[in-house]
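Asker: Please read through the structure below; I'll follow up with questions.
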Amino acid sequence: MITRLLALKVRERRIIKNMIFSVFLKGAGIFISFYLIPTYMGFFNHDNTLGLWFTILALLSWFMTFDLGISNGLRNNLVKPLLENDYLNVRKLISSAYAMIISIVSIISVLTLIVFYFINWKSFFNSHFDNAFLYKILLIIFSGIMIQFILKIVYAVLYALQKPNLVSITALTSNVLLLLGIKLLPISTEDVNLFNLSLVYVVTAIIPILVITWYTYKILLKNTIPSIKDVDFLMGRKILSLGGMFFFIQVLYLVLSNTNEVFITSTIASKDVVVYKIYNSLFNSVSMFFMVMMTPMWSEITAAYAKNEFTWLKSLLKKLYMLLFCAIIGLTVLGLSSQYIIDFWLKDKAIEVNYIYVLVFSFYVLVSIWNSVVSSFANGMGHLKNQLIFMAIGVVIFITMVFYTKQYQNWIYIVLANAIALIPYCFTQSLWLKKYLNEKK
């Protein structure tokens, strides 16, 4: 009993430590992302080009979800062998995950190069740039994303090791390098600016991940360097059996959370994406602040679930629900001061705040935090059926609302649709968690 209590205290200290560092790193990341917006606006002469850039990034980032849930499947499956110091199985799991990801990237790359060639991107983006130029930009960014696709497997390893802060440091480093790169780039014509920024974006995203990959397998886990001889198809099936569910959930959540820029560009105008990004960057900072606190929780929940520590899990869930009340206070303060913040942030490029938009974004962020809390438990315990069903229902609600409200030519309805679509899942998952954990002793 005493040993168990001590173990729980160690976990609590680790969680608090990880949360403090995560909040600090995310705070720095939010500051950099805030500074990136006016930097982008100063780099491009036209909002249409900046809106196009944001839309391209949002569109191509979709490909990061097509790993068939391998990263999340690996993350959950690594926890137990790491706890048992079973490095042979750890190495087999990691090697098998890399082998599957490389295979997927190869197939996606060939198919995408063919499909992209036949799409009229000028029409798709409502852009003034010619189709050949847009195709070239897309290929540059796509190539960078495919390389990241493979390298980011290391993130799953770091999360399983309960070292989420190394992931945050890597992301922060990428943003800092991107900011410095934009500052150093000479300003030229819009097409040259877009081309140069694409190259800088790819390079600054890849270098930090290469460094953290070397550090993980050379320093943290010396006995687990991935190799071809350790690829195990049975391990691959084990990862995919759980990863497949994660994959479908990832795709559904992508539609709900990462298509706004594309819908705004295609149904309204790309310049409106810039205004959307200003509001989103401001209010998403609250969401990111709370969600980063959840980052260490997933693997901790997986470890506690494996040890049948349901009393601790129930206690943790109650504490995390308190985040929702804290979020309401934070969003209220942010909403009331949003005009002052935007004026200070964007200076002469500041926009006039629409407080209806503020209310809608506050509602969306609150629902997003609720989703983050219940999803961390469902994902950590590997109970994904409810999430899969109600995320699918959410997608139907979201797309229906988007196309029904496009007649009003106002992008805020898309954000409102984001929030409404998530509510059925959040509500039903909360009820399921309460019932399930109360039944466990």
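Following the order of the structure tokens, chains are lettered A, B, ..., residues in each are numbered from 1, and ligands are numbered from 1.
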Give me, as a Markdown table, each residue of stretch 54-110 of chain A that comes within 12 Å of stretch 269-292 of chain A, together with its shortest interatomic pair and the distance in Å at one decimal, counting only C-alpha atoms, with rows ordered by chain and rising residue number.

Answerer:
```
| residue | atom | partner | partner_atom | distance |
| --- | --- | --- | --- | --- |
| A:Phe54 | CA | A:Val273 | CA | 7.4 |
| A:Thr55 | CA | A:Val273 | CA | 7.7 |
| A:Ile56 | CA | A:Ser270 | CA | 10.7 |
| A:Ala58 | CA | A:Val273 | CA | 11.0 |
```

Asker: Using only C-alpha atoms, which residue out of A:Met297, A:Ile209, A:Glu84, A:Tyr404 lies closest to A:Ser376?

Answerer: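 The answer is A:Met297, which sits nearest to A:Ser376.
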
Asker: Enumerate, in order of chain and increasing residue number, the residues of stretch 156-270 of chain A with an atom no farther than 8 Å from stretch 124-142 of chain A, each with its shortest atom pair and distance in Å to one decimal, counting only C-alpha atoms, as a tab-separated table.

Answerer:
```
residue	atom	partner	partner_atom	distance
A:Asp191	CA	A:Phe129	CA	7.7
A:Leu194	CA	A:Ile137	CA	7.7
A:Phe195	CA	A:Ile137	CA	6.3
A:Ser198	CA	A:Ile141	CA	6.1
A:Leu199	CA	A:Ile140	CA	6.9
A:Tyr201	CA	A:Ile141	CA	7.7
A:Val202	CA	A:Ile141	CA	6.3
A:Thr265	CA	A:Phe125	CA	6.6
A:Ser266	CA	A:Phe125	CA	6.5
A:Ala269	CA	A:Asn126	CA	7.6
A:Ser270	CA	A:Asn126	CA	7.5
```

Asker: Find the spatial neighbours of A:Ala97, counting only C-alpha atoms, within a cut-off of 8 Å - ignore same-chain residues fewer than 3 positions away - and output them as a PyMOL selection string.

Answerer: chain A and resi 70-71+74+93-94+100-101+153+236+239

Asker: Which residue, A:Lys347, A:Leu366, A:Leu25, A:Leu88, has the smallest gap to A:Ala171 when you use only C-alpha atoms?

Answerer: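 Closest to A:Ala171 of all the choices is A:Leu25.
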
Asker: I need the residue nearest A:Ile182 from this list: A:Leu36, A:Val255, A:Ile341, A:Val115. Use only C-alpha atoms for the distance.

Answerer: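 Looking at the shortest contact to A:Ile182, the residue is A:Leu36.
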
Asker: How many Å lie between atom CA of A:Ile225 and atom CA of A:Pro81, rounded to one decimal?

Answerer: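 Those two atoms sit 15.4 Å apart.
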
Asker: Contacts of A:Thr428 at 8 Å or less, counting only C-alpha atoms, minus same-chain residues fewer than 4 places along, as a ChimeraX atom specification?

Answerer: /A:386,424,432

Asker: Just checking: using only C-alpha atoms, which residue out of A:Tyr413, A:Gly380, A:Ile228, A:Val200 ends up closest to A:Ile102?

Answerer: A:Ile228

Asker: What is the atom CA of A:Lys218 to atom CA of A:Ile20 distance in Å?

Answerer: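 Between these atoms lies a distance of 26.6 Å.
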
Asker: Taking the DSSP assignment computed from this structure's backbone, write out as a ChimeraX atom specification all residues of stretch 260-312 of chain A that belong to helix (DSSP H, G or I).

Answerer: /A:260-267,271-294,297-306,310-312

Asker: With only C-alpha atoms as the basis for distance, which of A:Trp411, A:Tyr40, A:Tyr217, A:Tyr321 is at the shortest distance from A:Cys426?

Answerer: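 Looking only at the distances to A:Cys426, the closest residue turns out to be A:Tyr321.
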